[in-house]
>>> print(open('entry.txt').read())   # compact mmCIF, C-alpha atoms
# COMPACT_ATOMS: atom_id res chain seq x y z
CA MET A 36 0.00 0.00 0.00
CA SER A 37 1.66 3.22 -1.14
CA VAL A 38 1.55 6.55 0.69
CA CYS A 39 -0.07 8.02 -2.40
CA SER A 40 -2.90 5.46 -2.36
CA VAL A 41 -3.55 6.12 1.34
CA GLU A 42 -3.68 9.84 0.68
CA ILE A 43 -6.07 9.37 -2.25
CA TYR A 44 -8.36 7.22 -0.09
CA GLY A 45 -8.35 9.91 2.58
CA PHE A 46 -9.07 12.59 0.01
CA ILE A 47 -12.05 10.66 -1.41
CA LYS A 48 -13.43 10.05 2.08
CA GLU A 49 -13.19 13.77 2.88
CA TRP A 50 -14.69 14.73 -0.50
CA ALA A 51 -17.62 12.34 0.04
CA ALA A 52 -18.43 13.86 3.42
CA MET A 53 -18.17 17.41 2.09
CA ASN A 54 -20.55 16.54 -0.75
CA GLY A 55 -23.22 15.10 1.51
CA PHE A 56 -22.67 11.38 1.10
CA ALA A 57 -23.63 9.46 4.22
CA ASP A 58 -20.66 7.12 3.92
CA PHE A 59 -17.87 5.96 1.62
CA GLY A 60 -15.95 2.71 1.28
CA CYS A 61 -13.63 0.88 -1.06
CA ALA A 62 -13.27 -2.76 -2.09
CA ALA A 63 -10.88 -4.57 -4.39
CA ALA A 64 -12.36 -5.20 -7.83
CA GLY A 65 -13.01 -8.81 -8.74
CA LYS A 66 -15.60 -11.55 -8.91
CA ILE A 67 -18.36 -11.92 -6.36
CA SER A 68 -18.60 -15.17 -4.44
CA HIS A 69 -19.89 -18.38 -6.00
CA GLN A 70 -22.47 -18.52 -3.22
CA LEU A 71 -23.93 -15.15 -4.21
CA GLN A 72 -23.81 -16.07 -7.88
CA GLY A 73 -25.80 -19.20 -7.08
CA HIS A 74 -28.33 -17.20 -5.06
CA TYR A 75 -28.83 -14.81 -7.97
CA LEU A 76 -29.16 -17.58 -10.55
CA ALA A 77 -31.67 -19.43 -8.38
CA ALA A 78 -33.84 -16.29 -8.16
CA LEU A 79 -33.57 -15.93 -11.93
CA GLN A 80 -34.62 -19.55 -12.46
CA ARG A 81 -37.62 -19.11 -10.16
CA GLY A 82 -38.80 -16.19 -12.28
CA ASN A 83 -38.48 -13.72 -9.41
CA PHE A 84 -37.24 -10.96 -11.71
CA ALA A 85 -40.54 -10.99 -13.63
CA SER A 86 -40.20 -9.04 -16.90
CA MET A 87 -37.07 -7.12 -15.89
CA ASP A 88 -34.97 -8.62 -18.67
CA TYR A 89 -32.04 -6.30 -17.96
CA LEU A 90 -31.48 -8.30 -14.77
CA LYS A 91 -31.13 -11.44 -16.86
CA ARG A 92 -28.47 -10.08 -19.23
CA ASN A 93 -24.73 -9.48 -18.87
CA LEU A 94 -24.38 -12.01 -16.07
CA GLU A 95 -20.61 -12.31 -16.54
CA LYS A 96 -20.21 -8.56 -15.94
CA ARG A 97 -22.75 -8.63 -13.11
CA PHE A 98 -20.70 -11.26 -11.33
CA ASN A 99 -17.40 -9.52 -12.15
CA PRO A 100 -17.88 -5.75 -12.61
CA SER A 101 -14.16 -5.25 -13.19
CA LEU A 102 -15.01 -6.31 -16.76
CA LEU A 103 -16.74 -2.94 -17.14
CA VAL A 104 -13.46 -1.02 -16.78
CA PRO A 105 -10.23 -2.32 -18.32
CA GLY A 106 -7.54 -2.65 -15.68
CA ALA A 107 -10.02 -2.16 -12.82
CA ARG A 108 -8.45 -2.46 -9.37
CA SER A 109 -10.89 -0.76 -7.00
CA VAL A 110 -14.63 -0.32 -6.51
CA LEU A 111 -15.53 2.90 -4.71
CA VAL A 112 -18.94 2.87 -3.02
CA PHE A 113 -20.90 5.95 -1.88
CA LEU A 114 -24.16 6.12 0.07
CA ALA A 115 -26.51 8.99 -0.80
CA PRO A 116 -29.26 9.51 1.82
CA TYR A 117 -32.77 10.29 0.64
CA SER A 118 -34.96 10.09 3.76
CA LEU A 119 -37.28 12.96 4.62
CA PRO A 120 -36.62 15.18 7.64
CA SER A 121 -38.73 14.18 10.63
CA ASN A 122 -40.85 17.33 10.33
CA LEU A 123 -42.13 16.37 6.86
CA ALA A 124 -44.91 13.83 6.47
CA PRO A 125 -44.48 11.11 3.81
CA VAL A 126 -46.30 11.67 0.53
CA SER A 127 -49.04 9.10 0.23
CA GLY A 128 -48.63 6.56 -2.55
CA ILE A 129 -45.10 7.54 -3.68
CA ALA A 130 -41.78 6.04 -2.59
CA GLN A 131 -39.61 8.62 -0.84
CA TYR A 132 -36.67 8.34 -3.22
CA ALA A 133 -38.92 9.66 -6.02
CA LEU A 134 -39.94 12.95 -4.39
CA GLY A 135 -37.27 14.99 -6.17
CA GLU A 136 -34.80 14.88 -9.01
CA ASP A 137 -33.75 11.69 -10.76
CA TYR A 138 -31.12 10.11 -8.54
CA HIS A 139 -29.19 8.79 -11.54
CA THR A 140 -28.49 12.35 -12.66
CA VAL A 141 -27.85 13.76 -9.19
CA ILE A 142 -25.46 11.08 -7.94
CA LYS A 143 -23.59 10.55 -11.18
CA GLY A 144 -23.16 14.31 -11.56
CA LYS A 145 -21.28 14.40 -8.26
CA LEU A 146 -19.25 11.31 -9.07
CA PHE A 147 -18.28 12.70 -12.48
CA ASN A 148 -16.98 15.77 -10.68
CA LEU A 149 -14.92 13.58 -8.35
CA MET A 150 -13.44 11.68 -11.29
CA GLU A 151 -12.33 14.93 -12.91
CA ILE A 152 -10.54 15.89 -9.70
CA LEU A 153 -8.92 12.45 -9.43
CA LYS A 154 -7.74 12.73 -13.03
CA GLU A 155 -6.01 15.99 -12.15
CA LYS A 156 -4.39 14.45 -9.07
CA VAL A 157 -3.46 11.15 -10.73
CA PRO A 158 -3.15 11.56 -14.53
CA GLU A 159 -3.23 7.79 -15.10
CA PHE A 160 -6.65 7.54 -13.42
CA GLU A 161 -9.34 5.83 -15.50
CA GLY A 162 -12.79 4.98 -14.25
CA ARG A 163 -16.53 4.89 -14.78
CA ALA A 164 -19.38 6.00 -12.53
CA PHE A 165 -22.63 4.12 -12.06
CA THR A 166 -25.77 4.27 -10.01
CA ASP A 167 -28.37 1.64 -10.76
CA SER A 168 -27.33 2.02 -14.39
CA ALA A 169 -25.15 -1.02 -15.14
CA PRO A 170 -25.01 -4.74 -14.38
CA ILE A 171 -23.54 -4.29 -10.90
CA LEU A 172 -24.76 -5.87 -7.67
CA GLU A 173 -24.37 -2.56 -5.88
CA ARG A 174 -25.57 -3.68 -2.46
CA GLU A 175 -23.06 -6.53 -2.43
CA TRP A 176 -20.29 -4.04 -3.14
CA GLY A 177 -21.59 -1.97 -0.26
CA VAL A 178 -21.03 -5.02 1.93
CA ARG A 179 -17.54 -5.58 0.53
CA ALA A 180 -16.71 -1.94 1.20
CA CYS A 181 -17.72 -2.37 4.87
CA LEU A 182 -20.71 -0.05 4.62
CA GLY A 183 -23.29 -2.48 5.95
CA TRP A 184 -24.98 -5.83 5.50
CA ILE A 185 -27.86 -7.12 3.36
CA GLY A 186 -31.12 -7.20 5.30
CA LYS A 187 -33.92 -9.71 4.97
CA ASN A 188 -35.66 -7.34 2.55
CA ASN A 189 -32.51 -7.40 0.34
CA PHE A 190 -31.57 -3.77 1.05
CA LEU A 191 -28.19 -2.62 2.33
CA ILE A 192 -28.40 -1.66 6.01
CA SER A 193 -25.81 0.65 7.54
CA ARG A 194 -25.28 0.86 11.30
CA SER A 195 -24.42 4.55 11.05
CA CYS A 196 -26.82 5.81 8.38
CA GLY A 197 -29.72 3.41 8.19
CA ILE A 198 -31.45 1.85 5.21
CA LYS A 199 -32.73 4.69 3.02
CA ASN A 200 -29.61 5.31 0.99
CA LEU A 201 -29.04 5.18 -2.74
CA ILE A 202 -25.74 3.73 -3.92
CA GLY A 203 -23.20 5.31 -6.24
CA ILE A 204 -20.27 3.33 -7.65
CA ILE A 205 -16.97 4.26 -9.28
CA ILE A 206 -14.91 1.42 -10.75
CA CYS A 207 -11.37 2.58 -11.39
CA ASN A 208 -7.85 1.46 -12.18
CA LEU A 209 -6.27 2.85 -9.01
CA GLU A 210 -5.16 0.34 -6.42
CA LEU A 211 -6.52 1.96 -3.27
CA PRO A 212 -6.68 0.60 0.28
CA GLN A 213 -9.78 -1.39 1.04
CA THR A 214 -11.92 0.05 3.79
CA SER A 215 -11.15 -2.95 5.97
CA GLU A 216 -7.49 -1.87 5.82
CA ALA A 217 -7.86 1.91 5.85
CA GLU A 218 -10.56 2.02 8.53
CA PRO A 219 -10.33 -1.16 10.64
CA GLN A 220 -13.09 0.11 12.92
CA LYS A 221 -15.54 -0.42 10.06
CA ARG A 222 -14.82 -4.13 9.70
CA SER A 223 -17.76 -5.04 11.90
CA GLN A 224 -20.22 -3.02 9.83
CA ASN A 225 -20.61 -5.70 7.17
CA THR A 226 -20.91 -8.55 9.65
CA GLY A 227 -24.20 -7.38 11.13
CA ASP A 228 -27.46 -9.21 10.69
CA CYS A 229 -31.14 -8.73 11.35
CA GLY A 230 -31.30 -11.31 14.13
CA ASN A 231 -34.82 -12.59 14.70
CA CYS A 232 -36.45 -9.42 13.35
CA THR A 233 -39.00 -10.00 10.58
CA ARG A 234 -40.67 -6.58 10.50
CA CYS A 235 -39.95 -6.09 6.80
CA LEU A 236 -41.51 -9.44 5.89
CA ASP A 237 -44.47 -8.89 8.21
CA ASN A 238 -45.19 -5.46 6.71
CA CYS A 239 -44.94 -6.37 3.03
CA PRO A 240 -48.56 -5.81 1.90
CA THR A 241 -48.49 -8.38 -0.91
CA GLY A 242 -46.19 -11.14 0.31
CA ALA A 243 -43.48 -10.20 -2.19
CA LEU A 244 -40.90 -10.91 0.53
CA GLU A 245 -41.60 -14.60 0.37
CA ARG A 246 -38.91 -15.43 2.91
CA PRO A 247 -35.78 -13.73 4.23
CA PHE A 248 -33.50 -12.55 1.41
CA ALA A 249 -35.95 -13.63 -1.32
CA THR A 250 -38.05 -11.04 -3.17
CA ASN A 251 -40.57 -12.12 -5.77
CA ALA A 252 -41.02 -9.17 -8.15
CA ARG A 253 -44.20 -10.73 -9.51
CA LEU A 254 -45.86 -9.82 -6.22
CA CYS A 255 -44.05 -6.54 -5.61
CA ILE A 256 -45.88 -3.21 -5.77
CA SER A 257 -42.69 -1.37 -6.69
CA TYR A 258 -42.11 -3.65 -9.65
CA HIS A 259 -45.64 -3.40 -10.98
CA SER A 260 -46.07 0.35 -10.49
CA ILE A 261 -42.69 1.25 -12.00
CA GLU A 262 -41.38 -1.55 -14.23
CA ASN A 263 -44.43 -3.41 -15.47
CA ARG A 264 -45.11 -1.96 -18.93
CA ASN A 265 -48.40 -3.86 -19.17
CA LEU A 266 -49.85 -2.91 -15.81
CA ALA A 267 -53.40 -2.26 -17.00
CA GLU A 268 -53.47 -5.63 -18.76
CA SER A 269 -52.05 -7.37 -15.69
CA ILE A 270 -54.80 -5.82 -13.58
CA ARG A 271 -57.50 -6.90 -16.04
CA ASN A 272 -56.13 -10.44 -16.05
CA GLY A 273 -56.04 -10.59 -12.26
CA ASP A 274 -52.31 -11.30 -12.32
CA ILE A 275 -51.26 -8.91 -9.59
CA PRO A 276 -52.08 -8.18 -5.94
CA ALA A 277 -54.09 -5.15 -4.88
CA PHE A 278 -52.08 -1.93 -4.54
CA THR A 279 -54.24 -0.32 -1.85
CA ASP A 280 -53.10 3.35 -1.77
CA LYS A 281 -49.78 3.02 -3.67
CA PHE A 282 -49.15 4.06 -7.25
CA PHE A 283 -45.39 4.63 -7.52
CA GLY A 284 -43.20 2.34 -5.51
CA CYS A 285 -43.60 1.07 -1.96
CA ASP A 286 -41.63 1.86 1.21
CA ASN A 287 -43.36 -0.56 3.60
CA CYS A 288 -40.40 -2.87 4.16
CA LEU A 289 -38.06 0.12 4.55
CA ASP A 290 -40.31 2.06 6.93
CA ALA A 291 -40.79 -1.06 9.06
CA CYS A 292 -37.05 -1.63 9.48
CA PRO A 293 -35.71 -0.61 12.93
CA TRP A 294 -32.64 0.81 11.22
CA ASN A 295 -34.83 3.33 9.39
CA SER A 296 -34.48 5.58 12.44
CA ALA A 297 -30.70 5.73 11.89
CA ASN A 298 -31.05 7.54 8.58
CA LYS A 299 -29.65 11.02 8.27
CA GLU A 300 -31.67 13.75 6.61
CA GLY A 301 -31.65 13.18 2.86
CA TRP A 302 -30.39 15.50 0.16
CA MET A 303 -32.53 18.45 -0.83
CA GLU A 304 -32.38 17.28 -4.47
CA PHE A 305 -34.29 14.16 -3.48
CA ARG A 306 -37.27 16.12 -2.15
CA SER A 307 -37.36 19.09 -4.53
CA ASN A 308 -40.88 18.11 -5.71
CA TYR A 309 -42.23 17.62 -2.19
CA GLU A 310 -44.53 20.63 -2.26
CA LEU A 311 -45.76 19.78 -5.75
CA LEU A 312 -46.62 16.21 -4.74
CA SER A 313 -47.77 16.70 -1.17
CA GLY A 314 -51.50 16.60 -0.74
CA ARG A 315 -52.27 15.64 -4.33
CA GLY A 316 -55.26 13.34 -4.36
CA LYS A 317 -56.28 10.74 -6.88
CA ASP A 318 -58.47 13.21 -8.78
CA TRP A 319 -55.46 15.44 -9.52
CA TRP A 320 -53.54 12.55 -11.02
CA MET A 321 -56.52 11.21 -12.97
CA MET A 322 -57.09 14.63 -14.57
CA LEU A 323 -53.42 15.16 -15.43
CA GLU A 324 -52.66 15.25 -19.17
CA GLU A 325 -49.66 13.47 -20.69
CA ALA A 326 -47.97 16.68 -21.88
CA ASP A 327 -48.26 18.27 -18.44
CA PHE A 328 -47.05 15.08 -16.77
CA LYS A 329 -43.91 15.02 -18.89
CA LYS A 330 -43.25 18.70 -18.27
CA LEU A 331 -43.73 18.47 -14.49
CA PHE A 332 -41.69 15.31 -14.06
CA LYS A 333 -39.11 15.53 -16.84
CA ASN A 334 -36.25 15.31 -14.31
CA SER A 335 -38.00 12.97 -11.90
CA PRO A 336 -37.91 9.19 -11.35
CA ILE A 337 -41.71 9.30 -11.58
CA LEU A 338 -41.40 9.72 -15.34
CA ARG A 339 -40.18 6.11 -15.58
CA GLY A 340 -43.45 4.64 -14.35
CA GLY A 341 -45.48 6.64 -16.83
CA LEU A 342 -48.81 8.39 -16.42
CA ASN A 343 -50.78 5.43 -17.76
CA ASN A 344 -49.35 3.17 -15.07
CA ILE A 345 -50.09 5.73 -12.37
CA LYS A 346 -53.71 6.03 -13.47
CA ALA A 347 -54.09 2.25 -13.76
CA ALA A 348 -52.70 1.80 -10.25
CA LEU A 349 -55.01 4.47 -8.85
CA GLU A 350 -58.04 2.87 -10.45
CA TRP A 351 -56.95 -0.50 -9.10
CA GLY A 352 -56.63 1.04 -5.65
CA LYS A 353 -60.19 2.39 -5.87
CA LYS A 354 -61.48 -1.11 -6.48
CA ASP A 355 -59.70 -2.50 -3.45
>>> encode(input="entry.txt", output="structure tokens")
Amino acid sequence: MSVCSVEIYGFIKEWAAMNGFADFGCAAAGKISHQLQGHYLAALQRGNFASMDYLKRNLEKRFNPSLLVPGARSVLVFLAPYSLPSNLAPVSGIAQYALGEDYHTVIKGKLFNLMEILKEKVPEFEGRAFTDSAPILEREWGVRACLGWIGKNNFLISRSCGIKNLIGIIICNLELPQTSEAEPQKRSQNTGDCGNCTRCLDNCPTGALERPFATNARLCISYHSIENRNLAESIRNGDIPAFTDKFFGCDNCLDACPWNSANKEGWMEFRSNYELLSGRGKDWWMMLEEADFKKLFKNSPILRGGLNNIKAALEWGKKD
């Protein structure tokens, strides 16, 4: 481990804190374990990814993300908090991460800035930034970087900053210290577990959390309200569970988690549409025209679900 690499690690850690990230860690690039590969392939075989075909492609890269960056040596992992301040009530029907700007743009914008700085400091630096935008098992890399453990609802849980964090990744060619080496006090963070707690499973409204560490997207409200491109047809065919009051995502398993209380206040960018969305009833959404929807939510994750899906989900909720 060179002095330069230690200094670069320290610089990135300081930069991450100054730019609002809840935590930062580093892991050596390489393949994930055969056990985790088997777990993923078993879920794929069971059909638990539903129609999300992107989860079924590029498996070699998914199991070895160093293939995404030639000469990759390190995986840098950043946690971006998105929880609401305690004085703000949740917006009914919408997952909290979607109350502001598109997290892909926000997080990658900051990581691109970091890479420019690293290029100036270390001219040979080469890397790529990702956030839920490539075949990377991001939560597993969070574990490897000593940022937390995988909970029974399959989310990364951090002792210091809770469960409502989005994950940013930089894969680069610099050989940097792993967090377990640079910050030995963090070694215990990825060895935690949920003990006997089953609050996430107990509070899943549709049974999508079939058992600990196993999510069936075919029963998941988040999948159907955001990813299912044939939602109205699925509803007509009786293929999906009732949504109750949800029409874009679902936070039940996150809100039920005891570690939810550990979350820091999320970034302002992730709640920039709070006033626009707060208090909007079903009638407002049902009357919304496509052109206005695209204009209002052009920089929002809500655009991904689409207005037709939102209206279909709301109608389905009325029938429940």
>>> atom_distance(input="entry.txt", atom1="CA of Ala64 in chain A", atom2="CA of Arg108 in chain A")
5.0 Å
>>> atom_distance(input="entry.txt", atom1="CA of Leu94 in chain A", atom2="CA of Cys285 in chain A")
27.2 Å
>>> closest_atom_pairs(input="entry.txt", of="range 56-125 of chain A", to="range 246-264 of chain A", cutoff="7 Å", atoms="only C-alpha atoms", output="CSV")
residue,atom,partner,partner_atom,distance
A:Asn83,CA,A:Asn251,CA,4.5
A:Phe84,CA,A:Ala252,CA,5.5
A:Ala85,CA,A:Arg253,CA,5.5
>>> closest_residue(input="entry.txt", among="A:Leu134, A:Ile171, A:Leu119, A:Leu103", to="Gly284 in chain A", atoms="only C-alpha atoms")
A:Leu134
>>> closest_residue(input="entry.txt", among="A:Ala62, A:Asn189, A:Trp302, A:Ile205", to="His74 in chain A", atoms="all atoms listed in the file")
A:Asn189
>>> closest_atom_pairs(input="entry.txt", of="range 47-162 of chain A", to="range 291-300 of chain A", cutoff="12 Å", atoms="only C-alpha atoms", output="JSON lines")
{"residue": "A:Gly55", "atom": "CA", "partner": "A:Glu300", "partner_atom": "CA", "distance": 10.0}
{"residue": "A:Phe56", "atom": "CA", "partner": "A:Lys299", "partner_atom": "CA", "distance": 10.0}
{"residue": "A:Ala57", "atom": "CA", "partner": "A:Lys299", "partner_atom": "CA", "distance": 7.4}
{"residue": "A:Asp58", "atom": "CA", "partner": "A:Lys299", "partner_atom": "CA", "distance": 10.7}
{"residue": "A:Leu114", "atom": "CA", "partner": "A:Lys299", "partner_atom": "CA", "distance": 11.0}
{"residue": "A:Ala115", "atom": "CA", "partner": "A:Lys299", "partner_atom": "CA", "distance": 9.8}
{"residue": "A:Pro116", "atom": "CA", "partner": "A:Lys299", "partner_atom": "CA", "distance": 6.6}
{"residue": "A:Tyr117", "atom": "CA", "partner": "A:Glu300", "partner_atom": "CA", "distance": 7.0}
{"residue": "A:Ser118", "atom": "CA", "partner": "A:Glu300", "partner_atom": "CA", "distance": 5.7}
{"residue": "A:Leu119", "atom": "CA", "partner": "A:Glu300", "partner_atom": "CA", "distance": 6.0}
{"residue": "A:Pro120", "atom": "CA", "partner": "A:Glu300", "partner_atom": "CA", "distance": 5.3}
{"residue": "A:Ser121", "atom": "CA", "partner": "A:Glu300", "partner_atom": "CA", "distance": 8.1}
{"residue": "A:Asn122", "atom": "CA", "partner": "A:Glu300", "partner_atom": "CA", "distance": 10.5}
{"residue": "A:Leu123", "atom": "CA", "partner": "A:Glu300", "partner_atom": "CA", "distance": 10.8}
>>> closest_residue(input="entry.txt", among="A:Val178, A:Ile47, A:Val157, A:Ala133", to="Leu338 in chain A", atoms="all atoms listed in the file")
A:Ala133
>>> decode(input="entry.txt", residues="range 148-253 of chain A", atoms="C-alpha atoms", output="short mmCIF file (atom, residue, chain, number, x, y, z; two decimals), in the first residue's frame")
data_model
loop_
_atom_site.label_atom_id
_atom_site.label_comp_id
_atom_site.auth_asym_id
_atom_site.auth_seq_id
_atom_site.Cartn_x
_atom_site.Cartn_y
_atom_site.Cartn_z
CA ASN A 148 -16.98 15.77 -10.68
CA LEU A 149 -14.92 13.58 -8.35
CA MET A 150 -13.44 11.68 -11.29
CA GLU A 151 -12.33 14.93 -12.91
CA ILE A 152 -10.54 15.89 -9.70
CA LEU A 153 -8.92 12.45 -9.43
CA LYS A 154 -7.74 12.73 -13.03
CA GLU A 155 -6.01 15.99 -12.15
CA LYS A 156 -4.39 14.45 -9.07
CA VAL A 157 -3.46 11.15 -10.73
CA PRO A 158 -3.15 11.56 -14.53
CA GLU A 159 -3.23 7.79 -15.10
CA PHE A 160 -6.65 7.54 -13.42
CA GLU A 161 -9.34 5.83 -15.50
CA GLY A 162 -12.79 4.98 -14.25
CA ARG A 163 -16.53 4.89 -14.78
CA ALA A 164 -19.38 6.00 -12.53
CA PHE A 165 -22.63 4.12 -12.06
CA THR A 166 -25.77 4.27 -10.01
CA ASP A 167 -28.37 1.64 -10.76
CA SER A 168 -27.33 2.02 -14.39
CA ALA A 169 -25.15 -1.02 -15.14
CA PRO A 170 -25.01 -4.74 -14.38
CA ILE A 171 -23.54 -4.29 -10.90
CA LEU A 172 -24.76 -5.87 -7.67
CA GLU A 173 -24.37 -2.56 -5.88
CA ARG A 174 -25.57 -3.68 -2.46
CA GLU A 175 -23.06 -6.53 -2.43
CA TRP A 176 -20.29 -4.04 -3.14
CA GLY A 177 -21.59 -1.97 -0.26
CA VAL A 178 -21.03 -5.02 1.93
CA ARG A 179 -17.54 -5.58 0.53
CA ALA A 180 -16.71 -1.94 1.20
CA CYS A 181 -17.72 -2.37 4.87
CA LEU A 182 -20.71 -0.05 4.62
CA GLY A 183 -23.29 -2.48 5.95
CA TRP A 184 -24.98 -5.83 5.50
CA ILE A 185 -27.86 -7.12 3.36
CA GLY A 186 -31.12 -7.20 5.30
CA LYS A 187 -33.92 -9.71 4.97
CA ASN A 188 -35.66 -7.34 2.55
CA ASN A 189 -32.51 -7.40 0.34
CA PHE A 190 -31.57 -3.77 1.05
CA LEU A 191 -28.19 -2.62 2.33
CA ILE A 192 -28.40 -1.66 6.01
CA SER A 193 -25.81 0.65 7.54
CA ARG A 194 -25.28 0.86 11.30
CA SER A 195 -24.42 4.55 11.05
CA CYS A 196 -26.82 5.81 8.38
CA GLY A 197 -29.72 3.41 8.19
CA ILE A 198 -31.45 1.85 5.21
CA LYS A 199 -32.73 4.69 3.02
CA ASN A 200 -29.61 5.31 0.99
CA LEU A 201 -29.04 5.18 -2.74
CA ILE A 202 -25.74 3.73 -3.92
CA GLY A 203 -23.20 5.31 -6.24
CA ILE A 204 -20.27 3.33 -7.65
CA ILE A 205 -16.97 4.26 -9.28
CA ILE A 206 -14.91 1.42 -10.75
CA CYS A 207 -11.37 2.58 -11.39
CA ASN A 208 -7.85 1.46 -12.18
CA LEU A 209 -6.27 2.85 -9.01
CA GLU A 210 -5.16 0.34 -6.42
CA LEU A 211 -6.52 1.96 -3.27
CA PRO A 212 -6.68 0.60 0.28
CA GLN A 213 -9.78 -1.39 1.04
CA THR A 214 -11.92 0.05 3.79
CA SER A 215 -11.15 -2.95 5.97
CA GLU A 216 -7.49 -1.87 5.82
CA ALA A 217 -7.86 1.91 5.85
CA GLU A 218 -10.56 2.02 8.53
CA PRO A 219 -10.33 -1.16 10.64
CA GLN A 220 -13.09 0.11 12.92
CA LYS A 221 -15.54 -0.42 10.06
CA ARG A 222 -14.82 -4.13 9.70
CA SER A 223 -17.76 -5.04 11.90
CA GLN A 224 -20.22 -3.02 9.83
CA ASN A 225 -20.61 -5.70 7.17
CA THR A 226 -20.91 -8.55 9.65
CA GLY A 227 -24.20 -7.38 11.13
CA ASP A 228 -27.46 -9.21 10.69
CA CYS A 229 -31.14 -8.73 11.35
CA GLY A 230 -31.30 -11.31 14.13
CA ASN A 231 -34.82 -12.59 14.70
CA CYS A 232 -36.45 -9.42 13.35
CA THR A 233 -39.00 -10.00 10.58
CA ARG A 234 -40.67 -6.58 10.50
CA CYS A 235 -39.95 -6.09 6.80
CA LEU A 236 -41.51 -9.44 5.89
CA ASP A 237 -44.47 -8.89 8.21
CA ASN A 238 -45.19 -5.46 6.71
CA CYS A 239 -44.94 -6.37 3.03
CA PRO A 240 -48.56 -5.81 1.90
CA THR A 241 -48.49 -8.38 -0.91
CA GLY A 242 -46.19 -11.14 0.31
CA ALA A 243 -43.48 -10.20 -2.19
CA LEU A 244 -40.90 -10.91 0.53
CA GLU A 245 -41.60 -14.60 0.37
CA ARG A 246 -38.91 -15.43 2.91
CA PRO A 247 -35.78 -13.73 4.23
CA PHE A 248 -33.50 -12.55 1.41
CA ALA A 249 -35.95 -13.63 -1.32
CA THR A 250 -38.05 -11.04 -3.17
CA ASN A 251 -40.57 -12.12 -5.77
CA ALA A 252 -41.02 -9.17 -8.15
CA ARG A 253 -44.20 -10.73 -9.51
#
